[in-house]
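Pasted below: entry.pdb, PDB, C-alpha atoms.
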```pdb
ATOM      1  CA  MET A   1     132.036 117.952  92.497  1.00  0.00           C
ATOM      2  CA  LYS A   2     132.412 114.855  94.630  1.00  0.00           C
ATOM      3  CA  TYR A   3     129.086 113.142  95.086  1.00  0.00           C
ATOM      4  CA  GLU A   4     128.537 111.570  98.478  1.00  0.00           C
ATOM      5  CA  ALA A   5     125.370 109.542  98.024  1.00  0.00           C
ATOM      6  CA  VAL A   6     123.326 107.731  95.418  1.00  0.00           C
ATOM      7  CA  ILE A   7     119.567 107.152  95.563  1.00  0.00           C
ATOM      8  CA  PHE A   8     118.461 104.327  93.286  1.00  0.00           C
ATOM      9  CA  ASP A   9     115.111 103.496  91.783  1.00  0.00           C
ATOM     10  CA  PHE A  10     114.172  99.807  92.039  1.00  0.00           C
ATOM     11  CA  GLY A  11     112.017  98.670  89.109  1.00  0.00           C
ATOM     12  CA  GLY A  12     113.827  99.100  85.809  1.00  0.00           C
ATOM     13  CA  VAL A  13     117.152  99.621  87.607  1.00  0.00           C
ATOM     14  CA  PHE A  14     117.666  96.490  89.726  1.00  0.00           C
ATOM     15  CA  PHE A  15     114.519  94.560  88.977  1.00  0.00           C
ATOM     16  CA  GLU A  16     113.380  93.918  85.421  1.00  0.00           C
ATOM     17  CA  ILE A  17     109.784  94.919  84.906  1.00  0.00           C
ATOM     18  CA  ASP A  18     107.357  94.975  82.007  1.00  0.00           C
ATOM     19  CA  TYR A  19     105.165  98.063  82.315  1.00  0.00           C
ATOM     20  CA  ASN A  20     102.892  96.788  79.569  1.00  0.00           C
ATOM     21  CA  ALA A  21     102.353  93.308  81.027  1.00  0.00           C
ATOM     22  CA  PRO A  22      99.463  94.366  83.327  1.00  0.00           C
ATOM     23  CA  VAL A  23      97.906  96.261  80.424  1.00  0.00           C
ATOM     24  CA  ARG A  24      97.988  93.138  78.266  1.00  0.00           C
ATOM     25  CA  ALA A  25      96.792  90.929  81.126  1.00  0.00           C
ATOM     26  CA  PHE A  26      93.834  93.114  82.124  1.00  0.00           C
ATOM     27  CA  GLU A  27      92.860  93.714  78.507  1.00  0.00           C
ATOM     28  CA  ALA A  28      92.902  89.936  77.988  1.00  0.00           C
ATOM     29  CA  LEU A  29      90.424  89.720  80.875  1.00  0.00           C
ATOM     30  CA  GLY A  30      88.234  92.319  79.163  1.00  0.00           C
ATOM     31  CA  MET A  31      89.261  95.677  80.702  1.00  0.00           C
ATOM     32  CA  ASP A  32      89.978  97.787  77.630  1.00  0.00           C
ATOM     33  CA  SER A  33      90.431 100.990  79.637  1.00  0.00           C
ATOM     34  CA  PHE A  34      93.356  99.782  81.769  1.00  0.00           C
ATOM     35  CA  ALA A  35      95.977 101.221  79.408  1.00  0.00           C
ATOM     36  CA  GLU A  36      94.455 104.674  79.822  1.00  0.00           C
ATOM     37  CA  ALA A  37      94.505 104.396  83.613  1.00  0.00           C
ATOM     38  CA  TYR A  38      97.985 102.985  84.087  1.00  0.00           C
ATOM     39  CA  SER A  39     101.295 103.604  82.348  1.00  0.00           C
ATOM     40  CA  GLN A  40     104.945 104.282  83.133  1.00  0.00           C
ATOM     41  CA  ALA A  41     104.479 107.996  82.415  1.00  0.00           C
ATOM     42  CA  GLN A  42     101.193 108.711  84.185  1.00  0.00           C
ATOM     43  CA  GLN A  43      98.403 106.962  86.010  1.00  0.00           C
ATOM     44  CA  ASN A  44      94.921 107.197  87.463  1.00  0.00           C
ATOM     45  CA  GLU A  45      94.495 108.590  90.986  1.00  0.00           C
ATOM     46  CA  ILE A  46      93.772 105.164  92.475  1.00  0.00           C
ATOM     47  CA  PHE A  47      97.292 104.007  91.628  1.00  0.00           C
ATOM     48  CA  ASP A  48      98.715 107.113  93.296  1.00  0.00           C
ATOM     49  CA  LEU A  49      96.626 106.375  96.391  1.00  0.00           C
ATOM     50  CA  LEU A  50      97.840 102.775  96.421  1.00  0.00           C
ATOM     51  CA  GLU A  51     101.475 103.844  95.970  1.00  0.00           C
ATOM     52  CA  THR A  52     101.313 106.335  98.832  1.00  0.00           C
ATOM     53  CA  GLY A  53      99.664 103.865 101.203  1.00  0.00           C
ATOM     54  CA  LYS A  54      96.407 105.820 101.391  1.00  0.00           C
ATOM     55  CA  ILE A  55      94.247 102.863 100.385  1.00  0.00           C
ATOM     56  CA  PRO A  56      94.710  99.147 101.172  1.00  0.00           C
ATOM     57  CA  GLY A  57      95.312  96.530  98.519  1.00  0.00           C
ATOM     58  CA  GLU A  58      91.809  95.179  99.029  1.00  0.00           C
ATOM     59  CA  GLU A  59      90.269  98.483  97.928  1.00  0.00           C
ATOM     60  CA  PHE A  60      92.417  98.436  94.802  1.00  0.00           C
ATOM     61  CA  TYR A  61      91.237  94.933  93.935  1.00  0.00           C
ATOM     62  CA  LYS A  62      87.617  95.993  94.481  1.00  0.00           C
ATOM     63  CA  TRP A  63      88.167  98.823  92.000  1.00  0.00           C
ATOM     64  CA  ILE A  64      89.597  96.466  89.392  1.00  0.00           C
ATOM     65  CA  ALA A  65      86.844  93.911  90.042  1.00  0.00           C
ATOM     66  CA  SER A  66      84.205  96.561  89.323  1.00  0.00           C
ATOM     67  CA  TYR A  67      85.441  96.553  85.722  1.00  0.00           C
ATOM     68  CA  LEU A  68      85.917  92.778  85.596  1.00  0.00           C
ATOM     69  CA  PRO A  69      83.095  91.209  87.620  1.00  0.00           C
ATOM     70  CA  ASN A  70      83.568  87.813  85.985  1.00  0.00           C
ATOM     71  CA  ALA A  71      87.301  87.552  86.722  1.00  0.00           C
ATOM     72  CA  SER A  72      88.469  85.524  89.714  1.00  0.00           C
ATOM     73  CA  ARG A  73      90.563  87.104  92.451  1.00  0.00           C
ATOM     74  CA  GLN A  74      93.538  84.979  91.402  1.00  0.00           C
ATOM     75  CA  GLN A  75      93.244  86.227  87.828  1.00  0.00           C
ATOM     76  CA  LEU A  76      93.319  89.819  89.091  1.00  0.00           C
ATOM     77  CA  VAL A  77      96.289  89.100  91.362  1.00  0.00           C
ATOM     78  CA  ASP A  78      98.230  87.410  88.568  1.00  0.00           C
ATOM     79  CA  ALA A  79      97.449  90.214  86.115  1.00  0.00           C
ATOM     80  CA  TRP A  80      98.579  92.951  88.521  1.00  0.00           C
ATOM     81  CA  ASN A  81     101.792  91.140  89.462  1.00  0.00           C
ATOM     82  CA  SER A  82     102.683  90.283  85.862  1.00  0.00           C
ATOM     83  CA  ILE A  83     104.746  93.491  85.770  1.00  0.00           C
ATOM     84  CA  LEU A  84     107.402  91.834  87.966  1.00  0.00           C
ATOM     85  CA  LEU A  85     110.022  89.762  86.124  1.00  0.00           C
ATOM     86  CA  TYR A  86     113.449  89.198  87.740  1.00  0.00           C
ATOM     87  CA  LEU A  87     116.379  90.727  89.635  1.00  0.00           C
ATOM     88  CA  HIS A  88     119.725  91.779  88.113  1.00  0.00           C
ATOM     89  CA  PRO A  89     122.073  90.466  90.840  1.00  0.00           C
ATOM     90  CA  GLU A  90     125.210  91.997  89.344  1.00  0.00           C
ATOM     91  CA  ARG A  91     123.698  95.464  89.728  1.00  0.00           C
ATOM     92  CA  VAL A  92     123.137  94.890  93.433  1.00  0.00           C
ATOM     93  CA  ASP A  93     126.719  93.665  93.716  1.00  0.00           C
ATOM     94  CA  HIS A  94     127.805  97.001  92.248  1.00  0.00           C
ATOM     95  CA  VAL A  95     125.940  98.864  94.993  1.00  0.00           C
ATOM     96  CA  HIS A  96     127.786  96.796  97.608  1.00  0.00           C
ATOM     97  CA  GLN A  97     131.021  97.942  95.938  1.00  0.00           C
ATOM     98  CA  LEU A  98     129.950 101.582  96.058  1.00  0.00           C
ATOM     99  CA  LYS A  99     129.047 101.227  99.724  1.00  0.00           C
ATOM    100  CA  ALA A 100     132.452  99.674 100.426  1.00  0.00           C
ATOM    101  CA  LYS A 101     134.049 102.784  98.869  1.00  0.00           C
ATOM    102  CA  GLY A 102     132.214 105.002 101.340  1.00  0.00           C
ATOM    103  CA  ILE A 103     129.388 106.125  99.081  1.00  0.00           C
ATOM    104  CA  ARG A 104     126.059 106.330 100.925  1.00  0.00           C
ATOM    105  CA  THR A 105     123.443 104.313  99.038  1.00  0.00           C
ATOM    106  CA  PHE A 106     119.647 104.410  99.256  1.00  0.00           C
ATOM    107  CA  LEU A 107     116.663 102.925  97.454  1.00  0.00           C
ATOM    108  CA  PHE A 108     113.503 104.873  96.590  1.00  0.00           C
ATOM    109  CA  SER A 109     110.744 102.972  94.811  1.00  0.00           C
ATOM    110  CA  ASN A 110     107.243 103.964  93.789  1.00  0.00           C
ATOM    111  CA  THR A 111     105.476 100.776  94.738  1.00  0.00           C
ATOM    112  CA  ASN A 112     102.600  99.316  96.703  1.00  0.00           C
ATOM    113  CA  MET A 113     102.030  96.739  99.410  1.00  0.00           C
ATOM    114  CA  ILE A 114     100.868  94.122  96.895  1.00  0.00           C
ATOM    115  CA  HIS A 115     103.978  94.309  94.730  1.00  0.00           C
ATOM    116  CA  VAL A 116     106.337  94.609  97.702  1.00  0.00           C
ATOM    117  CA  GLU A 117     105.229  91.255  99.065  1.00  0.00           C
ATOM    118  CA  VAL A 118     105.757  89.578  95.693  1.00  0.00           C
ATOM    119  CA  PHE A 119     109.047  91.141  94.603  1.00  0.00           C
ATOM    120  CA  GLU A 120     110.615  90.776  98.055  1.00  0.00           C
ATOM    121  CA  ARG A 121     109.870  87.077  97.898  1.00  0.00           C
ATOM    122  CA  MET A 122     111.380  86.890  94.396  1.00  0.00           C
ATOM    123  CA  VAL A 123     114.475  88.780  95.539  1.00  0.00           C
ATOM    124  CA  ASP A 124     114.815  86.524  98.563  1.00  0.00           C
ATOM    125  CA  GLU A 125     114.660  83.401  96.405  1.00  0.00           C
ATOM    126  CA  SER A 126     117.151  84.632  93.807  1.00  0.00           C
ATOM    127  CA  TYR A 127     119.626  86.734  95.823  1.00  0.00           C
ATOM    128  CA  GLY A 128     118.646  86.866  99.475  1.00  0.00           C
ATOM    129  CA  LEU A 129     116.455  89.690 100.711  1.00  0.00           C
ATOM    130  CA  GLU A 130     118.699  90.527 103.656  1.00  0.00           C
ATOM    131  CA  LYS A 131     121.757  90.650 101.381  1.00  0.00           C
ATOM    132  CA  PHE A 132     119.862  92.871  98.937  1.00  0.00           C
ATOM    133  CA  LYS A 133     118.699  95.341 101.577  1.00  0.00           C
ATOM    134  CA  SER A 134     122.135  95.449 103.183  1.00  0.00           C
ATOM    135  CA  ALA A 135     123.450  97.098  99.995  1.00  0.00           C
ATOM    136  CA  PHE A 136     121.534 100.219 101.044  1.00  0.00           C
ATOM    137  CA  GLU A 137     121.677 102.414 104.105  1.00  0.00           C
ATOM    138  CA  PHE A 138     117.881 102.620 103.915  1.00  0.00           C
ATOM    139  CA  VAL A 139     115.163 101.293 101.608  1.00  0.00           C
ATOM    140  CA  HIS A 140     112.260 103.676 100.972  1.00  0.00           C
ATOM    141  CA  TYR A 141     108.999 102.402  99.511  1.00  0.00           C
ATOM    142  CA  SER A 142     106.527 105.117  98.511  1.00  0.00           C
ATOM    143  CA  ASN A 143     103.614 103.339 100.184  1.00  0.00           C
ATOM    144  CA  VAL A 144     105.474 103.549 103.516  1.00  0.00           C
ATOM    145  CA  LEU A 145     106.994 106.995 102.989  1.00  0.00           C
ATOM    146  CA  GLY A 146     103.581 108.370 102.014  1.00  0.00           C
ATOM    147  CA  MET A 147     105.134 110.299  99.133  1.00  0.00           C
ATOM    148  CA  ARG A 148     106.014 109.310  95.601  1.00  0.00           C
ATOM    149  CA  LYS A 149     108.154 110.353  92.686  1.00  0.00           C
ATOM    150  CA  PRO A 150     108.281 112.659  90.782  1.00  0.00           C
ATOM    151  CA  ASP A 151     107.221 115.059  93.560  1.00  0.00           C
ATOM    152  CA  PRO A 152     110.359 117.092  94.367  1.00  0.00           C
ATOM    153  CA  ALA A 153     109.240 117.126  98.006  1.00  0.00           C
ATOM    154  CA  SER A 154     109.691 113.353  98.187  1.00  0.00           C
ATOM    155  CA  PHE A 155     113.374 113.643  97.302  1.00  0.00           C
ATOM    156  CA  LEU A 156     113.878 116.508  99.722  1.00  0.00           C
ATOM    157  CA  GLU A 157     112.194 114.494 102.494  1.00  0.00           C
ATOM    158  CA  ILE A 158     114.606 111.603 101.969  1.00  0.00           C
ATOM    159  CA  CYS A 159     117.538 114.018 101.989  1.00  0.00           C
ATOM    160  CA  ARG A 160     116.221 115.594 105.191  1.00  0.00           C
ATOM    161  CA  ARG A 161     115.781 112.264 106.946  1.00  0.00           C
ATOM    162  CA  HIS A 162     119.305 111.125 106.186  1.00  0.00           C
ATOM    163  CA  GLY A 163     121.193 114.410 106.296  1.00  0.00           C
ATOM    164  CA  LEU A 164     121.972 114.383 102.575  1.00  0.00           C
ATOM    165  CA  THR A 165     122.967 117.467 100.611  1.00  0.00           C
ATOM    166  CA  PRO A 166     120.827 117.398  97.429  1.00  0.00           C
ATOM    167  CA  GLU A 167     123.612 118.909  95.305  1.00  0.00           C
ATOM    168  CA  LYS A 168     125.967 116.118  96.397  1.00  0.00           C
ATOM    169  CA  THR A 169     123.424 113.349  95.842  1.00  0.00           C
ATOM    170  CA  ILE A 170     122.866 111.357  92.647  1.00  0.00           C
ATOM    171  CA  PHE A 171     119.483 109.926  91.739  1.00  0.00           C
ATOM    172  CA  ILE A 172     119.097 107.286  89.014  1.00  0.00           C
ATOM    173  CA  ASP A 173     115.822 106.075  87.504  1.00  0.00           C
ATOM    174  CA  ASP A 174     114.545 104.636  84.230  1.00  0.00           C
ATOM    175  CA  SER A 175     111.516 106.978  84.162  1.00  0.00           C
ATOM    176  CA  ILE A 176     112.387 110.443  82.838  1.00  0.00           C
ATOM    177  CA  GLN A 177     109.649 112.232  84.791  1.00  0.00           C
ATOM    178  CA  HIS A 178     111.137 110.927  88.038  1.00  0.00           C
ATOM    179  CA  VAL A 179     114.591 112.110  87.008  1.00  0.00           C
ATOM    180  CA  GLU A 180     113.156 115.536  86.219  1.00  0.00           C
ATOM    181  CA  GLY A 181     111.530 115.660  89.660  1.00  0.00           C
ATOM    182  CA  SER A 182     114.862 114.919  91.325  1.00  0.00           C
ATOM    183  CA  ILE A 183     116.563 117.665  89.325  1.00  0.00           C
ATOM    184  CA  LYS A 184     113.909 120.147  90.477  1.00  0.00           C
ATOM    185  CA  ALA A 185     114.791 119.130  94.040  1.00  0.00           C
ATOM    186  CA  GLY A 186     118.444 119.954  93.376  1.00  0.00           C
ATOM    187  CA  LEU A 187     119.825 116.417  92.960  1.00  0.00           C
ATOM    188  CA  LYS A 188     122.002 115.142  90.121  1.00  0.00           C
ATOM    189  CA  GLY A 189     119.386 113.197  88.148  1.00  0.00           C
ATOM    190  CA  LEU A 190     120.506 110.409  85.813  1.00  0.00           C
ATOM    191  CA  HIS A 191     118.169 108.768  83.298  1.00  0.00           C
ATOM    192  CA  LEU A 192     118.945 105.080  82.837  1.00  0.00           C
ATOM    193  CA  LEU A 193     118.220 103.959  79.278  1.00  0.00           C
ATOM    194  CA  PRO A 194     117.442 100.323  78.369  1.00  0.00           C
ATOM    195  CA  HIS A 195     120.915  99.655  76.921  1.00  0.00           C
ATOM    196  CA  GLN A 196     122.761 101.088  79.925  1.00  0.00           C
ATOM    197  CA  THR A 197     123.748  99.804  83.350  1.00  0.00           C
ATOM    198  CA  PRO A 198     123.754 101.917  86.520  1.00  0.00           C
ATOM    199  CA  ALA A 199     127.515 101.441  86.854  1.00  0.00           C
ATOM    200  CA  GLU A 200     128.125 103.099  83.473  1.00  0.00           C
ATOM    201  CA  LEU A 201     126.390 106.278  84.626  1.00  0.00           C
ATOM    202  CA  ILE A 202     127.478 106.391  88.255  1.00  0.00           C
ATOM    203  CA  ASP A 203     131.115 105.244  88.317  1.00  0.00           C
ATOM    204  CA  PRO A 204     132.492 108.246  86.358  1.00  0.00           C
ATOM    205  CA  LEU A 205     130.922 110.562  88.971  1.00  0.00           C
ATOM    206  CA  VAL A 206     132.049 108.898  92.190  1.00  0.00           C
TER     207      VAL A 206
END
```
Could you render the structure from this file as structure tokens?
Amino acid sequence: MKYEAVIFDFGGVFFEIDYNAPVRAFEALGMDSFAEAYSQAQQNEIFDLLETGKIPGEEFYKWIASYLPNASRQQLVDAWNSILLYLHPERVDHVHQLKAKGIRTFLFSNTNMIHVEVFERMVDESYGLEKFKSAFEFVHYSNVLGMRKPDPASFLEICRRHGLTPEKTIFIDDSIQHVEGSIKAGLKGLHLLPHQTPAELIDPLV
């Protein structure tokens, strides 16, 4: 089968992240329960609400502050954003190459308004935000879309909006549960492992 489009995850695919950094940071501030509430595999409802844009960032910080009343706002901000490390520019260059070959490319990230502001600034400083976004036909953030992975409906909604055929669309993510959600929606789901690059998985298929 000839695949016509690729939907990419952001964190762990283009942008290096440390899922455990916020856990370490909040535990260092005294919140021992943060690891139970937040992880790559599953998370507390408040994170889902934040990632689907149903609560503002301020409400999230109030929730965290209720566990850490002695922490300053800046300490909470720094702890939450510690997950964000750096961009892999060569991987974005690869998407530009795919686009030049006629492959339709999209981004779909589970994220929140707090992290978007920070990582977009980091991307702008290291690569150029406009250049980064131009690699994709459309960039979908879960907090704007109002839906998040791994819900199969979120993938189908993106396909609907852009006229994509699920069976001819590849989805690549570093979180297996998100890949499984895309497969349930009928897409070709690819699980990116730490030692792999997106090009290694995608190029043989397109």
Can you list every residue of range 106-127 of chain A that has an atom at most 12 Å from range 174-178 of chain A, with its nearest atom pair and the distance in Å to one decimal, using all atoms listed in the file, ordered by chain then number, as CSV?
```
residue,atom,partner,partner_atom,distance
A:Phe108,CA,A:His178,CA,10.7
A:Ser109,CA,A:His178,CA,10.5
A:Asn110,CA,A:His178,CA,9.8
```
> Written as JSON, numbers by chain, which residues does the PyMOL selection byres ((chain A and resi 112-122) around 9) give for the file shown?
Replying inline: {"A": [15, 47, 50, 51, 52, 53, 56, 57, 77, 80, 81, 84, 85, 86, 87, 110, 111, 123, 124, 125, 126, 127, 128, 129, 141, 142, 143, 144]}
> How far is it from CA of Val13 in chain A to CA of Gln196 in chain A, in Å with one decimal?
Replying inline: 9.6 Å
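Atom pair CA of Gly102 in chain A / CA of Ile7 in chain A has a distance of 14.1 Å (rounded to one decimal).
Considering all atoms listed in the file, the residue among A:Ile17, A:Leu68, A:Leu192, A:Leu205 positioned nearest to Asp32 in chain A is A:Leu68.
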Taking all atoms of range 75-86 of chain A that the file lists and extending 4 Å past them on each side, where is the centre of the axis-aligned box and how long are its edges? Answer in Å to one decimal, as AutoDock Vina command-line options.
```
--center_x 103.3 --center_y 89.9 --center_z 88.6 --size_x 28.2 --size_y 15.3 --size_z 13.6
```
> Can you list, as a PyMOL selection string, the residues that the PyMOL selection byres ((chain A and resi 21) around 9) selects here?
Replying inline: chain A and resi 17-20+22-26+79-84
Write the residues of the preceding selection, restricted to C-alpha atoms, as a PDB file, keeping the file's coordinate frame.
```
ATOM      1  CA  ILE A  17     109.784  94.919  84.906  1.00  0.00           C
ATOM      2  CA  ASP A  18     107.357  94.975  82.007  1.00  0.00           C
ATOM      3  CA  TYR A  19     105.165  98.063  82.315  1.00  0.00           C
ATOM      4  CA  ASN A  20     102.892  96.788  79.569  1.00  0.00           C
ATOM      5  CA  PRO A  22      99.463  94.366  83.327  1.00  0.00           C
ATOM      6  CA  VAL A  23      97.906  96.261  80.424  1.00  0.00           C
ATOM      7  CA  ARG A  24      97.988  93.138  78.266  1.00  0.00           C
ATOM      8  CA  ALA A  25      96.792  90.929  81.126  1.00  0.00           C
ATOM      9  CA  PHE A  26      93.834  93.114  82.124  1.00  0.00           C
ATOM     10  CA  ALA A  79      97.449  90.214  86.115  1.00  0.00           C
ATOM     11  CA  TRP A  80      98.579  92.951  88.521  1.00  0.00           C
ATOM     12  CA  ASN A  81     101.792  91.140  89.462  1.00  0.00           C
ATOM     13  CA  SER A  82     102.683  90.283  85.862  1.00  0.00           C
ATOM     14  CA  ILE A  83     104.746  93.491  85.770  1.00  0.00           C
ATOM     15  CA  LEU A  84     107.402  91.834  87.966  1.00  0.00           C
TER      16      LEU A  84
END
```
> Can you list, as a PyMOL selection string, every protein, DNA or RNA residue that comes within 10 Å of Tyr67 in chain A when you count only C-alpha atoms, leaving out same-chain residues fewer than 5 positions away?
Replying inline: chain A and resi 26+29-34+62
> How many Å separate CA of Ile172 in chain A from CA of Gln97 in chain A?
Replying inline: 16.7 Å
>> Here's a test: counting only C-alpha atoms, identify every protein, DNA and RNA residue with an atom at most 9 Å from (120.6, 103.9, 106.8) in the file's coordinate frame, and state them as a count of residues only.
In response: 8
> So which residues get picked by the PyMOL selection byres ((chain A and resi 90) around 12) here, written as a ChimeraX atom specification?
Replying inline: /A:13-15,87-89,91-97,126-127,132,135,197-199
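Neighbours of Pro152 in chain A closer than or equal to 10 Å, with all atoms listed in the file counted and sequence neighbours fewer than 6 positions away skipped, come out as His178, Val179, Glu180, Gly181, Ser182, Ile183, Lys184, Ala185, Gly186 and Leu187 of chain A.
Remark: for Val6 in chain A, the closest of the candidate residues A:Lys131, A:Gly189, A:Ser72, A:His195 is A:Gly189 (distances computed over only C-alpha atoms).
For the choices A:His191, A:Lys149, A:Lys99, A:Arg160, the atom-to-atom distance to Glu4 in chain A is smallest for A:Lys99 when using only C-alpha atoms.
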Some atoms are absent from range 99-124 of chain A, so rebuild N, CA and C atoms and return them as a PDB file, keeping the file's coordinate frame.
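And here is the file that came out, selection11.pdb:
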```pdb
ATOM      1  N   LYS A  99     129.154 101.067  98.270  1.00  0.00           N
ATOM      2  CA  LYS A  99     129.047 101.227  99.724  1.00  0.00           C
ATOM      3  C   LYS A  99     130.394 100.981 100.388  1.00  0.00           C
ATOM      4  N   ALA A 100     131.137  99.994  99.879  1.00  0.00           N
ATOM      5  CA  ALA A 100     132.452  99.674 100.426  1.00  0.00           C
ATOM      6  C   ALA A 100     133.445 100.817 100.206  1.00  0.00           C
ATOM      7  N   LYS A 101     133.188 101.628  99.173  1.00  0.00           N
ATOM      8  CA  LYS A 101     134.049 102.784  98.869  1.00  0.00           C
ATOM      9  C   LYS A 101     133.666 104.014  99.698  1.00  0.00           C
ATOM     10  N   GLY A 102     132.618 103.893 100.495  1.00  0.00           N
ATOM     11  CA  GLY A 102     132.214 105.002 101.340  1.00  0.00           C
ATOM     12  C   GLY A 102     131.094 105.852 100.780  1.00  0.00           C
ATOM     13  N   ILE A 103     130.534 105.427  99.654  1.00  0.00           N
ATOM     14  CA  ILE A 103     129.388 106.125  99.081  1.00  0.00           C
ATOM     15  C   ILE A 103     128.127 105.695  99.828  1.00  0.00           C
ATOM     16  N   ARG A 104     127.321 106.656 100.250  1.00  0.00           N
ATOM     17  CA  ARG A 104     126.059 106.330 100.925  1.00  0.00           C
ATOM     18  C   ARG A 104     125.026 105.946  99.862  1.00  0.00           C
ATOM     19  N   THR A 105     124.357 104.830 100.055  1.00  0.00           N
ATOM     20  CA  THR A 105     123.443 104.313  99.038  1.00  0.00           C
ATOM     21  C   THR A 105     122.050 104.109  99.624  1.00  0.00           C
ATOM     22  N   PHE A 106     121.041 104.478  98.833  1.00  0.00           N
ATOM     23  CA  PHE A 106     119.647 104.410  99.256  1.00  0.00           C
ATOM     24  C   PHE A 106     118.790 103.890  98.104  1.00  0.00           C
ATOM     25  N   LEU A 107     117.631 103.374  98.449  1.00  0.00           N
ATOM     26  CA  LEU A 107     116.663 102.925  97.454  1.00  0.00           C
ATOM     27  C   LEU A 107     115.371 103.722  97.646  1.00  0.00           C
ATOM     28  N   PHE A 108     114.779 104.155  96.541  1.00  0.00           N
ATOM     29  CA  PHE A 108     113.503 104.873  96.590  1.00  0.00           C
ATOM     30  C   PHE A 108     112.630 104.365  95.452  1.00  0.00           C
ATOM     31  N   SER A 109     111.603 103.608  95.810  1.00  0.00           N
ATOM     32  CA  SER A 109     110.744 102.972  94.811  1.00  0.00           C
ATOM     33  C   SER A 109     109.299 103.416  94.949  1.00  0.00           C
ATOM     34  N   ASN A 110     108.699 103.810  93.829  1.00  0.00           N
ATOM     35  CA  ASN A 110     107.243 103.964  93.789  1.00  0.00           C
ATOM     36  C   ASN A 110     106.664 102.567  93.696  1.00  0.00           C
ATOM     37  N   THR A 111     106.006 102.136  94.744  1.00  0.00           N
ATOM     38  CA  THR A 111     105.476 100.776  94.738  1.00  0.00           C
ATOM     39  C   THR A 111     104.265 100.704  95.653  1.00  0.00           C
ATOM     40  N   ASN A 112     103.802  99.511  95.904  1.00  0.00           N
ATOM     41  CA  ASN A 112     102.600  99.316  96.703  1.00  0.00           C
ATOM     42  C   ASN A 112     102.733  98.025  97.488  1.00  0.00           C
ATOM     43  N   MET A 113     101.900  97.876  98.510  1.00  0.00           N
ATOM     44  CA  MET A 113     102.030  96.739  99.410  1.00  0.00           C
ATOM     45  C   MET A 113     101.860  95.392  98.703  1.00  0.00           C
ATOM     46  N   ILE A 114     101.083  95.379  97.631  1.00  0.00           N
ATOM     47  CA  ILE A 114     100.868  94.122  96.895  1.00  0.00           C
ATOM     48  C   ILE A 114     102.154  93.701  96.200  1.00  0.00           C
ATOM     49  N   HIS A 115     102.755  94.634  95.464  1.00  0.00           N
ATOM     50  CA  HIS A 115     103.978  94.309  94.730  1.00  0.00           C
ATOM     51  C   HIS A 115     105.157  94.065  95.663  1.00  0.00           C
ATOM     52  N   VAL A 116     105.225  94.799  96.771  1.00  0.00           N
ATOM     53  CA  VAL A 116     106.337  94.609  97.702  1.00  0.00           C
ATOM     54  C   VAL A 116     106.398  93.167  98.184  1.00  0.00           C
ATOM     55  N   GLU A 117     105.265  92.634  98.559  1.00  0.00           N
ATOM     56  CA  GLU A 117     105.229  91.255  99.065  1.00  0.00           C
ATOM     57  C   GLU A 117     105.744  90.270  98.019  1.00  0.00           C
ATOM     58  N   VAL A 118     105.367  90.504  96.761  1.00  0.00           N
ATOM     59  CA  VAL A 118     105.757  89.578  95.693  1.00  0.00           C
ATOM     60  C   VAL A 118     107.229  89.743  95.318  1.00  0.00           C
ATOM     61  N   PHE A 119     107.660  91.001  95.065  1.00  0.00           N
ATOM     62  CA  PHE A 119     109.047  91.141  94.603  1.00  0.00           C
ATOM     63  C   PHE A 119     110.054  90.869  95.715  1.00  0.00           C
ATOM     64  N   GLU A 120     109.685  91.116  96.976  1.00  0.00           N
ATOM     65  CA  GLU A 120     110.615  90.776  98.055  1.00  0.00           C
ATOM     66  C   GLU A 120     110.805  89.264  98.152  1.00  0.00           C
ATOM     67  N   ARG A 121     109.743  88.531  97.909  1.00  0.00           N
ATOM     68  CA  ARG A 121     109.870  87.077  97.898  1.00  0.00           C
ATOM     69  C   ARG A 121     110.751  86.617  96.729  1.00  0.00           C
ATOM     70  N   MET A 122     110.573  87.237  95.569  1.00  0.00           N
ATOM     71  CA  MET A 122     111.380  86.890  94.396  1.00  0.00           C
ATOM     72  C   MET A 122     112.845  87.230  94.621  1.00  0.00           C
ATOM     73  N   VAL A 123     113.098  88.384  95.229  1.00  0.00           N
ATOM     74  CA  VAL A 123     114.475  88.780  95.539  1.00  0.00           C
ATOM     75  C   VAL A 123     115.089  87.817  96.542  1.00  0.00           C
ATOM     76  N   ASP A 124     114.313  87.435  97.541  1.00  0.00           N
ATOM     77  CA  ASP A 124     114.815  86.524  98.563  1.00  0.00           C
ATOM     78  C   ASP A 124     115.208  85.189  97.957  1.00  0.00           C
TER      79      ASP A 124
END
```
